[in-house]
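Structure data follow from data.cif (mmCIF, C-alpha atoms and all ligand atoms):
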data_final
loop_
_atom_site.label_atom_id
_atom_site.label_comp_id
_atom_site.auth_asym_id
_atom_site.auth_seq_id
_atom_site.Cartn_x
_atom_site.Cartn_y
_atom_site.Cartn_z
CA MET A 196 21.77 -5.22 -16.35
CA PHE A 197 21.27 -7.31 -19.50
CA THR A 198 23.42 -10.11 -18.02
CA GLN A 199 21.38 -10.05 -14.80
CA THR A 200 18.08 -10.27 -16.66
CA LEU A 201 19.40 -13.07 -18.86
CA THR A 202 20.70 -14.99 -15.83
CA ARG A 203 17.31 -14.65 -14.11
CA ARG A 204 15.54 -15.94 -17.22
CA VAL A 205 17.84 -18.92 -17.45
CA LEU A 206 17.41 -19.70 -13.74
CA GLY A 207 13.64 -19.41 -14.11
CA SER A 208 13.43 -22.02 -16.84
CA SER A 209 11.97 -25.47 -16.24
CA LEU A 210 15.12 -27.04 -17.71
CA VAL A 211 17.13 -25.68 -14.79
CA ASP A 212 14.54 -27.12 -12.38
CA LEU A 213 14.93 -30.49 -14.03
CA LEU A 214 18.71 -30.38 -13.84
CA THR A 215 18.86 -29.24 -10.23
CA GLY A 216 16.71 -32.13 -8.95
CA PRO A 217 14.34 -32.18 -5.96
CA HIS A 218 15.93 -29.24 -4.11
CA GLY A 219 15.30 -26.80 -6.96
CA VAL A 220 17.58 -24.09 -8.18
CA ASP A 221 17.22 -21.96 -5.03
CA ARG A 222 19.32 -24.35 -2.91
CA TYR A 223 22.23 -23.75 -5.33
CA THR A 224 21.88 -20.07 -6.14
CA GLU A 225 21.60 -19.12 -2.45
CA LEU A 226 25.12 -20.40 -2.01
CA VAL A 227 26.26 -17.65 -4.39
CA SER A 228 24.10 -14.96 -2.77
CA PRO A 229 21.51 -15.52 0.00
CA THR A 230 18.87 -13.36 -1.69
CA TRP A 231 19.44 -14.90 -5.11
CA THR A 232 16.44 -17.21 -4.95
CA ARG A 233 13.65 -17.64 -7.46
CA ASN A 234 10.86 -19.01 -5.23
CA ASP A 235 11.75 -17.91 -1.69
CA ALA A 236 11.05 -14.24 -1.06
CA ARG A 237 13.96 -12.76 0.87
CA ALA A 238 15.39 -9.34 1.50
CA GLN A 239 18.70 -7.83 2.44
CA VAL A 240 18.85 -5.13 5.08
CA ILE A 241 20.46 -2.11 3.46
CA SER A 242 20.10 0.46 6.22
CA VAL A 243 19.37 0.52 9.93
CA GLN A 244 18.26 3.62 11.81
CA ARG A 245 17.35 4.07 15.43
CA THR A 246 15.52 7.38 15.30
CA THR A 247 13.63 6.93 18.57
CA PRO A 248 14.91 5.30 21.78
CA ARG A 249 12.59 2.29 21.46
CA SER A 250 12.35 1.52 17.77
CA VAL A 251 14.50 0.52 14.84
CA THR A 252 13.76 1.30 11.20
CA LEU A 253 15.10 -1.07 8.57
CA VAL A 254 15.21 -0.50 4.85
CA LEU A 255 15.05 -3.82 3.02
CA GLU A 256 15.84 -4.69 -0.57
CA PRO A 257 13.62 -7.64 -1.51
CA ASN A 258 14.50 -10.08 -4.26
CA ASP A 259 12.31 -10.65 -7.31
CA ALA A 260 10.28 -13.37 -5.57
CA PHE A 261 8.62 -10.74 -3.34
CA GLN A 262 5.40 -9.60 -4.96
CA GLY A 263 4.75 -6.26 -3.27
CA PHE A 264 2.00 -5.10 -0.94
CA THR A 265 -0.90 -2.71 -0.64
CA ALA A 266 -0.55 0.14 1.86
CA GLY A 267 -1.74 -1.08 5.27
CA GLN A 268 -1.03 -4.77 4.70
CA HIS A 269 1.51 -6.77 6.69
CA ILE A 270 4.18 -9.26 5.70
CA GLN A 271 5.67 -12.11 7.64
CA LEU A 272 9.32 -11.60 8.30
CA SER A 273 11.58 -14.44 9.41
CA VAL A 274 14.95 -14.31 11.10
CA ASP A 275 17.22 -17.05 12.38
CA ILE A 276 17.86 -16.63 16.08
CA ASN A 277 20.17 -19.18 17.70
CA GLY A 278 19.64 -21.58 14.83
CA ARG A 279 15.83 -21.41 14.90
CA ARG A 280 13.69 -19.61 12.38
CA ARG A 281 11.35 -17.09 14.03
CA THR A 282 8.54 -15.39 12.16
CA ARG A 283 6.56 -12.29 13.09
CA CYS A 284 4.24 -9.94 11.19
CA TYR A 285 5.42 -6.43 10.29
CA SER A 286 3.57 -3.79 8.28
CA PRO A 287 5.76 -1.94 5.78
CA ALA A 288 5.69 1.81 6.39
CA ASN A 289 6.73 2.91 2.89
CA ALA A 290 4.32 3.87 0.14
CA GLU A 291 3.07 0.96 -1.94
CA GLY A 292 4.65 0.27 -5.32
CA GLN A 293 8.23 1.04 -4.29
CA ARG A 294 11.18 -1.27 -4.81
CA LEU A 295 12.52 -0.97 -1.26
CA LEU A 296 10.60 -1.89 1.87
CA GLU A 297 10.78 0.01 5.13
CA ILE A 298 9.78 -1.57 8.41
CA THR A 299 9.82 0.03 11.84
CA VAL A 300 9.97 -2.34 14.76
CA GLY A 301 8.97 -1.21 18.24
CA LEU A 302 11.05 -2.69 21.05
CA HIS A 303 9.19 -5.04 23.41
CA GLU A 304 11.43 -5.82 26.37
CA GLY A 305 11.69 -9.60 26.55
CA GLY A 306 10.23 -9.92 23.05
CA LEU A 307 12.27 -12.35 21.00
CA VAL A 308 12.24 -10.90 17.48
CA SER A 309 11.78 -7.21 18.27
CA GLU A 310 14.73 -7.24 20.72
CA TYR A 311 16.83 -9.17 18.23
CA LEU A 312 16.14 -6.74 15.39
CA TYR A 313 16.48 -3.71 17.65
CA ARG A 314 19.87 -4.83 18.95
CA GLN A 315 21.35 -6.95 16.14
CA ALA A 316 19.99 -5.72 12.79
CA ARG A 317 22.78 -4.50 10.55
CA PRO A 318 23.25 -3.82 6.84
CA GLY A 319 23.88 -7.03 4.92
CA MET A 320 21.63 -9.15 7.14
CA VAL A 321 19.20 -11.34 5.18
CA VAL A 322 15.61 -11.91 6.30
CA GLY A 323 12.86 -14.14 4.94
CA LEU A 324 9.62 -12.64 3.67
CA ASP A 325 6.21 -14.06 2.97
CA LYS A 326 3.56 -12.62 0.73
CA ALA A 327 1.66 -9.60 1.97
CA ALA A 328 -1.76 -10.09 3.55
CA GLY A 329 -4.43 -8.24 5.49
CA ASP A 330 -7.61 -6.22 4.96
CA PHE A 331 -6.45 -3.07 6.73
CA VAL A 332 -6.30 -1.15 3.46
CA LEU A 333 -7.89 1.93 1.93
CA PRO A 334 -10.68 1.37 -0.60
CA ALA A 335 -9.68 1.72 -4.26
CA ILE A 336 -12.04 4.68 -4.55
CA ARG A 337 -10.62 6.95 -1.88
CA PRO A 338 -13.11 8.50 0.57
CA ARG A 339 -13.22 12.31 0.57
CA ARG A 340 -12.48 12.78 4.27
CA ILE A 341 -10.21 10.25 5.97
CA LEU A 342 -9.27 10.07 9.64
CA LEU A 343 -6.27 7.87 10.46
CA ILE A 344 -5.45 7.06 14.10
CA SER A 345 -2.55 5.07 15.51
CA GLY A 346 -0.78 4.32 18.76
CA GLY A 347 2.88 3.30 19.26
CA SER A 348 4.22 0.98 16.56
CA GLY A 349 0.70 0.90 15.06
CA ILE A 350 1.90 3.92 13.12
CA THR A 351 3.52 1.73 10.43
CA PRO A 352 0.53 0.73 8.24
CA VAL A 353 -0.93 4.22 8.66
CA MET A 354 2.37 5.79 7.60
CA SER A 355 2.24 3.64 4.48
CA MET A 356 -1.29 4.89 3.76
CA LEU A 357 -0.23 8.51 4.29
CA ARG A 358 2.82 8.16 2.07
CA THR A 359 0.74 6.42 -0.60
CA LEU A 360 -1.96 9.11 -0.52
CA ASN A 361 0.74 11.74 -0.69
CA ALA A 362 2.43 10.06 -3.66
CA GLU A 363 -0.85 9.93 -5.58
CA ARG A 364 -1.60 13.58 -4.67
CA TYR A 365 -4.83 12.70 -2.90
CA ALA A 366 -7.01 15.79 -3.06
CA GLY A 367 -9.37 14.99 -0.18
CA ARG A 368 -8.98 15.88 3.49
CA VAL A 369 -6.84 13.64 5.68
CA THR A 370 -6.28 13.99 9.40
CA PHE A 371 -3.86 11.83 11.35
CA ILE A 372 -3.93 11.41 15.14
CA HIS A 373 -0.95 9.59 16.61
CA TYR A 374 -0.41 8.60 20.24
CA ALA A 375 3.06 7.90 21.59
CA ARG A 376 4.34 7.66 25.15
CA SER A 377 6.30 10.90 24.71
CA ARG A 378 7.52 13.29 22.03
CA GLU A 379 10.89 11.51 21.72
CA GLU A 380 9.14 8.17 21.14
CA ALA A 381 6.92 9.53 18.38
CA CYS A 382 8.16 7.86 15.18
CA TYR A 383 8.29 9.86 11.92
CA TYR A 384 7.68 13.14 13.78
CA ASP A 385 9.70 15.38 11.46
CA GLU A 386 8.45 13.81 8.26
CA LEU A 387 4.86 14.17 9.44
CA ALA A 388 5.40 17.83 10.32
CA ALA A 389 6.58 18.48 6.77
CA MET A 390 3.91 16.39 5.04
CA PRO A 391 1.75 18.55 2.79
CA ARG A 392 -2.06 18.47 2.93
CA VAL A 393 -2.23 16.40 6.15
CA GLN A 394 -3.47 17.67 9.51
CA VAL A 395 -1.36 15.89 12.15
CA LEU A 396 -2.31 15.83 15.84
CA HIS A 397 -0.02 14.26 18.45
CA GLY A 398 -1.05 12.92 21.84
CA TYR A 399 1.47 11.86 24.49
CA THR A 400 0.20 9.35 26.98
CA ARG A 401 3.13 9.36 29.44
CA GLY A 402 5.43 12.27 28.58
CA ILE A 403 5.45 15.58 30.39
CA GLU A 404 5.31 17.58 27.14
CA ALA A 405 1.97 18.93 26.01
CA GLY A 406 0.89 17.37 22.75
CA ASP A 407 -1.87 18.71 20.49
CA LEU A 408 -4.32 16.48 22.36
CA LYS A 409 -4.55 15.75 26.09
CA GLY A 410 -5.15 12.29 27.53
CA HIS A 411 -6.61 9.34 25.66
CA PHE A 412 -8.87 9.15 22.63
CA GLY A 413 -12.50 10.14 23.18
CA ALA A 414 -15.26 12.34 21.72
CA GLU A 415 -13.15 15.47 22.24
CA HIS A 416 -10.25 14.14 20.17
CA LEU A 417 -12.66 13.11 17.43
CA ARG A 418 -14.05 16.66 17.37
CA ALA A 419 -10.52 18.11 17.21
CA ALA A 420 -9.99 16.11 14.01
CA GLY A 421 -12.48 18.35 12.20
CA PRO A 422 -15.61 17.65 10.20
CA ASP A 423 -17.14 14.19 10.38
CA PRO A 424 -14.80 11.86 8.40
CA ASP A 425 -16.20 9.48 5.78
CA ALA A 426 -13.78 6.73 6.80
CA VAL A 427 -11.86 6.07 10.02
CA TYR A 428 -8.86 3.74 10.31
CA VAL A 429 -7.22 2.84 13.61
CA CYS A 430 -4.18 0.70 14.39
CA GLY A 431 -2.75 0.35 17.87
CA PRO A 432 -3.25 -1.21 21.28
CA THR A 433 -6.61 -2.88 21.89
CA ALA A 434 -7.69 -0.12 24.33
CA LEU A 435 -7.19 2.54 21.62
CA VAL A 436 -9.06 0.46 19.05
CA ALA A 437 -11.94 -0.03 21.53
CA ALA A 438 -12.06 3.71 22.35
CA VAL A 439 -12.21 4.64 18.67
CA ARG A 440 -14.87 2.06 17.91
CA GLU A 441 -16.97 3.40 20.77
CA GLN A 442 -17.14 6.75 18.94
CA ARG A 443 -17.09 5.31 15.44
CA PRO A 444 -18.33 1.71 15.36
CA ASP A 445 -17.66 1.66 11.61
CA ALA A 446 -13.92 2.28 12.11
CA ILE A 447 -11.65 -0.19 10.31
CA SER A 448 -9.15 -1.47 12.80
CA GLU A 449 -6.05 -3.54 13.31
CA SER A 450 -4.22 -4.38 16.50
CA PHE A 451 -0.73 -5.84 16.82
CA VAL A 452 -1.43 -7.43 20.19
CA PRO A 453 -3.25 -10.73 20.76
CA PRO A 454 -7.01 -10.38 21.32
CA GLU A 455 -8.47 -11.58 24.59
CA PHE A 456 -9.70 -15.11 24.26
CA VAL A 457 -13.47 -15.23 24.76
CA THR A 458 -13.60 -18.92 25.52
CA PRO A 459 -12.12 -20.48 28.64
CA ALA A 460 -9.73 -23.27 27.78
CA ASP A 461 -9.96 -26.04 30.35
CA PRO A 462 -8.01 -29.16 29.41
CA SER A 463 -10.40 -31.57 27.72
CA GLY A 464 -8.21 -34.54 28.63
CA GLY A 465 -8.58 -35.78 25.05
CA ARG A 466 -5.74 -37.28 23.06
CA VAL A 467 -4.07 -35.00 20.53
CA THR A 468 -2.40 -36.90 17.71
CA PHE A 469 -0.08 -35.11 15.34
CA ARG A 470 -0.38 -37.21 12.22
CA GLY A 471 2.73 -37.15 10.11
CA SER A 472 4.91 -37.40 13.19
CA THR A 473 4.67 -40.15 15.76
CA VAL A 474 3.79 -37.67 18.47
CA SER A 475 0.66 -37.80 20.57
CA VAL A 476 -0.08 -35.93 23.82
CA VAL A 477 -2.90 -35.51 26.32
CA ASP A 478 -4.65 -32.15 25.85
CA ASP A 479 -3.53 -29.63 28.48
CA GLY A 480 -5.93 -26.84 27.44
CA ARG A 481 -3.40 -24.67 25.57
CA PRO A 482 -3.75 -23.81 21.87
CA LEU A 483 -2.68 -26.68 19.63
CA LEU A 484 0.32 -24.67 18.36
CA GLU A 485 1.77 -24.45 21.87
CA GLN A 486 1.04 -28.11 22.58
CA ALA A 487 2.77 -29.12 19.35
CA GLU A 488 5.81 -26.98 20.19
CA ALA A 489 5.94 -28.36 23.73
CA ALA A 490 5.99 -31.84 22.18
CA GLY A 491 9.09 -30.93 20.15
CA LEU A 492 7.42 -30.18 16.81
CA THR A 493 8.15 -26.99 14.87
CA PRO A 494 4.96 -25.96 13.06
CA ALA A 495 4.97 -22.79 10.99
CA SER A 496 3.59 -19.77 12.82
CA GLY A 497 3.54 -15.99 12.46
CA CYS A 498 1.30 -13.70 14.50
CA ARG A 499 0.21 -16.42 16.97
CA MET A 500 -3.09 -14.56 17.34
CA GLY A 501 -5.34 -15.77 14.55
CA ILE A 502 -4.51 -13.06 12.00
CA CYS A 503 -1.94 -14.28 9.52
CA HIS A 504 -3.08 -17.89 8.82
CA SER A 505 0.52 -19.14 8.60
CA CYS A 506 -0.19 -21.81 11.26
CA THR A 507 -3.15 -23.25 9.35
CA CYS A 508 -3.22 -27.06 9.50
CA ARG A 509 -5.71 -29.69 8.46
CA LYS A 510 -7.76 -31.24 11.28
CA THR A 511 -8.42 -34.76 10.10
CA VAL A 512 -10.46 -36.05 13.05
CA GLY A 513 -12.21 -34.57 16.09
CA THR A 514 -13.58 -31.25 17.36
CA VAL A 515 -11.78 -28.00 18.19
CA ARG A 516 -12.90 -24.64 19.55
CA ASN A 517 -11.66 -21.28 18.20
CA LEU A 518 -10.61 -19.23 21.24
CA ILE A 519 -11.35 -15.88 19.62
CA THR A 520 -14.75 -16.53 18.11
CA GLY A 521 -15.84 -19.40 20.35
CA ALA A 522 -16.86 -21.31 17.19
CA VAL A 523 -16.75 -25.08 17.47
CA SER A 524 -15.59 -27.03 14.42
CA THR A 525 -16.64 -30.63 14.13
CA ASP A 526 -16.07 -31.23 10.42
CA GLU A 527 -13.39 -33.68 9.45
CA GLY A 528 -10.82 -32.54 6.93
CA GLU A 529 -11.17 -28.89 7.93
CA ASP A 530 -8.38 -26.28 7.94
CA ILE A 531 -7.91 -24.64 11.34
CA GLN A 532 -5.60 -22.00 12.79
CA ILE A 533 -3.80 -24.00 15.45
CA CYS A 534 -2.54 -20.89 17.31
CA VAL A 535 -6.10 -20.09 18.44
CA SER A 536 -7.69 -23.55 18.48
CA VAL A 537 -8.04 -25.88 21.45
CA PRO A 538 -9.18 -29.50 21.36
CA VAL A 539 -12.60 -30.57 22.55
CA GLY A 540 -11.82 -34.22 23.19
CA ASP A 541 -9.67 -36.39 20.91
CA VAL A 542 -8.30 -34.71 17.80
CA GLU A 543 -5.94 -35.60 14.99
CA ILE A 544 -3.97 -32.85 13.26
CA ASP A 545 -2.06 -33.22 10.02
CA LEU A 546 1.29 -32.07 11.33
C1 LIG A 601 -0.78 -7.67 11.46
C2 LIG A 601 0.39 -7.30 12.34
C3 LIG A 601 1.27 -6.30 11.94
C4 LIG A 601 2.33 -5.94 12.77
N1 LIG A 601 3.15 -4.92 12.39
C5 LIG A 601 4.12 -4.49 13.23
C6 LIG A 601 4.98 -3.39 12.88
O1 LIG A 601 4.89 -2.84 11.78
N2 LIG A 601 5.91 -2.99 13.80
C7 LIG A 601 6.03 -3.60 15.02
O2 LIG A 601 6.88 -3.20 15.81
N3 LIG A 601 5.27 -4.66 15.36
C8 LIG A 601 4.32 -5.13 14.50
N4 LIG A 601 3.56 -6.20 14.85
C9 LIG A 601 3.87 -6.92 16.10
C10 LIG A 601 4.96 -7.96 15.82
O3 LIG A 601 4.47 -8.96 14.94
C11 LIG A 601 5.44 -8.69 17.10
O4 LIG A 601 4.31 -9.15 17.81
C12 LIG A 601 6.26 -7.78 17.98
O5 LIG A 601 7.41 -7.32 17.28
C13 LIG A 601 6.72 -8.55 19.23
O6 LIG A 601 7.39 -9.73 18.82
P1 LIG A 601 8.53 -10.35 19.74
O7 LIG A 601 9.06 -11.56 19.07
O8 LIG A 601 9.51 -9.30 20.10
O9 LIG A 601 7.74 -10.74 21.08
P2 LIG A 601 7.35 -12.23 21.53
O10 LIG A 601 8.60 -12.93 21.93
O11 LIG A 601 6.48 -12.84 20.52
O12 LIG A 601 6.47 -11.91 22.81
C14 LIG A 601 7.04 -11.48 24.05
C15 LIG A 601 6.03 -10.91 24.97
O13 LIG A 601 5.50 -9.70 24.45
C16 LIG A 601 4.11 -9.79 24.29
N5 LIG A 601 3.82 -9.20 23.01
C17 LIG A 601 3.94 -9.79 21.80
N6 LIG A 601 3.61 -8.92 20.84
C18 LIG A 601 3.30 -7.76 21.46
C19 LIG A 601 2.90 -6.49 21.00
N7 LIG A 601 2.76 -6.23 19.69
N8 LIG A 601 2.65 -5.54 21.93
C20 LIG A 601 2.79 -5.80 23.26
N9 LIG A 601 3.17 -6.98 23.74
C21 LIG A 601 3.43 -7.95 22.86
C22 LIG A 601 3.75 -11.24 24.31
O14 LIG A 601 2.44 -11.44 24.80
C23 LIG A 601 4.82 -11.80 25.20
O15 LIG A 601 4.44 -11.67 26.55
C24 LIG A 601 2.52 -6.60 14.02
C25 LIG A 601 1.65 -7.63 14.40
C26 LIG A 601 0.61 -7.98 13.58
C27 LIG A 601 -0.31 -9.10 14.01
S1 LIG A 602 0.16 -17.90 13.59
FE1 LIG A 602 -0.95 -16.34 12.60
S2 LIG A 602 -2.94 -17.19 12.48
FE2 LIG A 602 -1.86 -18.61 13.64
#

Transcribe the structure of this file into structure tokens.
Amino acid sequence: MFTQTLTRRVLGSSLVDLLTGPHGVDRYTELVSPTWTRNDARAQVISVQRTTPRSVTLVLEPNDAFQGFTAGQHIQLSVDINGRRRTRCYSPANAEGQRLLEITVGLHEGGLVSEYLYRQARPGMVVGLDKAAGDFVLPAIRPRRILLISGGSGITPVMSMLRTLNAERYAGRVTFIHYARSREEACYYDELAAMPRVQVLHGYTRGIEAGDLKGHFGAEHLRAAGPDPDAVYVCGPTALVAAVREQRPDAISESFVPPEFVTPADPSGGRVTFRGSTVSVVDDGRPLLEQAEAAGLTPASGCRMGICHSCTCRKTVGTVRNLITGAVSTDEGEDIQICVSVPVGDVEIDL
């Protein structure tokens, strides 16, 4: 233990940086062990469980470069698939403040990363991590009555909130409504049944079994959850989020699926120049991220839906439209999310 701490201190010193040159110490230490990096957050998979037919739960041991998360936040996880680094957002399901991370990945048939992790994840595998982000979190002063609602793999951030509340012996009232296709696809079923001080209600949207609630979320399900909650949190498919917000417009929500773009994206015919490379294309109406990828560039990206900001690039010249908000940005030298921005005429992007 002492040797490990001493080694970390030595590796963290600026003298080592000086001696290891432009690549930094990480490029050398990772040759000894892939998670032995000072600046790059990485984690090793230490266990893999497939507790439902369409999900996989991974326990990850992050290195010291990972700085933790608040219950409900997401992290960007990267894996190398066929020699290319792929990044997607996942919300840890464990309570905050723990050394190990737990992520549960729902299988999307045809989905690149979820299929890969579902089929290939194994102990010893190393994944990249980025720092935690997101506003889907409980307030520091906990409300007295909390209603948590999730659908499918949207259970993960809510599970983290539940486990965190449980760990801090939250004394208020918490009700959790979870929708799964069927009983066998309901993640964390047994743990939830044993969780003290939480009222859990299950709804099955496709299974033949009767859950605690019939059909989809509506006023009746809200009533079944008991007295009017002070705070409502929902994470799941956009239809579930919309149904909850119809009853409780103040609900705090997160969805894992891309929002519908409000703005039509006809090709502007403008010229898109990717400064920093010699590439330039004629706008075909798709988000700039897709146009850059089609042109052979490999910009950083995560959620590809305007949430995580990992695709943010500087627009040096021209006008773009944000497909989610419809906002038009004309300022030069502005940072834009290229996964949800389309050109309006000629643009120059620092990429
Ligand atoms: C903030 C945030 C937190 C997230 N947390 C989790 C989590 O804890 N667990 C989890 O399993 N997933 C989570 N996701 C979703 C995850 O990031 C990926 O979108 C999902 O794993 C699918 O990626 P893929 O590479 O398999 O699919 P892709 O190859 O990216 O897409 C394949 C196809 O599936 C569609 N698709 C993509 N994502 C979804 C989706 N979520 N639902 C339905 N269709 C989709 C695409 O439109 C496309 O047609 C989260 C997403 C966000 C934005
Ligand atoms: S990739 Fe996440 S905001 Fe663009």

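The residue set within 12 Å of A:Ala490, counting only C-alpha atoms and dropping same-chain residues fewer than 6 places from it, reads A:Val467, A:Thr468, A:Phe469, A:Ser472, A:Thr473, A:Val474, A:Ser475, A:Val476, A:Val477, A:Asp478, A:Asp479, A:Leu483, A:Leu484, A:Leu546.
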
* Asked: Which is closest to ligand LIG 601 (chain A) among A:Gln315, A:Ser242, A:Ser505, A:Thr282, if we use only C-alpha atoms and all ligand atoms?
  -> A:Thr282

* All residues within 8 Å of ligand LIG 601 (chain A) are required, counting all atoms listed in the file; please report them as a ChimeraX atom specification. => /A:250,268-270,281-288,298-311,329,348-352,432,449-453,497-500,502-503

* Asked: Which one of A:Gly480, A:Thr359, A:Gln532, A:Met354 sits closest to A:Tyr384 if you count all atoms listed in the file?
  -> A:Met354

* Enter the distance from atom CA of A:Asn277 to atom CA of A:Met320, in Å, rounded to one decimal. => 14.6 Å

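Taking atom CA of A:Ala414 and atom CA of A:Glu386 as the two end points, the separation is 27.3 Å.
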
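From atom CA of A:Gly347 back to atom CA of A:Arg317, the distance works out to 23.1 Å.
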
* **A:Glu404 environment, 10 Å, only C-alpha atoms, sequence neighbours closer than 6 positions dropped, as a VMD selection string** => chain A and resid 377 to 379 398

Put those residues in a file: C-alpha atoms, as a CSV table (one decimal), in the frame of the given file.
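Below you can see result04.csv, which holds the result:
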chain,number,residue,atom,x,y,z
A,377,SER,CA,6.3,10.9,24.7
A,378,ARG,CA,7.5,13.3,22.0
A,379,GLU,CA,10.9,11.5,21.7
A,398,GLY,CA,-1.0,12.9,21.8

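Nearest residue to ligand LIG 602 (chain A) among A:Glu485, A:Asp423, A:Glu543, A:Glu441 is A:Glu485, counting only C-alpha atoms and all ligand atoms.
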
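You can rank A:Ala328, A:Ala236, A:Ile336, A:Val353 by their closest distance to ligand LIG 602 (chain A) using only C-alpha atoms and all ligand atoms, and at the top of that list sits A:Ala328.
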
What are the centre and the three edge lengths of an axis-aligned box that wraps all atoms of ligand LIG 602 (chain A) in the file, given that 5 Å is added to every side, written as JSON and rounded to one decimal in Å?
{"center_x": -1.4, "center_y": -17.5, "center_z": 13.1, "size_x": 13.1, "size_y": 12.3, "size_z": 11.2}

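Nearest to ligand LIG 602 (chain A) of all the residues A:Ile531, A:Ile344, A:Cys506, A:Val512 is A:Cys506, counting all atoms listed in the file.
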
* Enumerate, as an MDAnalysis selection string, the protein, DNA and RNA residues whose atoms approach (-1.2, 5.5, 2.8) to within 8 Å, taking into account all atoms listed in the file and the coordinate frame of the file. => chainID A and resid 266:267 290:291 333 352:361

* Please provide as a count of residues only all residues within 12 Å of A:Tyr399, with the sequence filter that same-chain residues fewer than 4 positions apart are discarded (counting all atoms listed in the file). => 23

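Counting only C-alpha atoms, the residue from A:Leu312, A:Phe264, A:Gly513, A:Gly323 that sits nearest to A:Arg245 is A:Leu312.
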
* List as number ranges by chain: which residues have an atom within 10 Å of (-13.2, 11.1, -2.5), counting all atoms listed in the file? -> A: 336-341, 365-368, 425

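Proximity to A:Val439 at 8 Å, evaluated using all atoms listed in the file and with sequence-adjacent residues fewer than 4 positions away removed, yields Phe412, Gly413, Val429, Leu435, Arg443, Pro444 and Ala446 of chain A.
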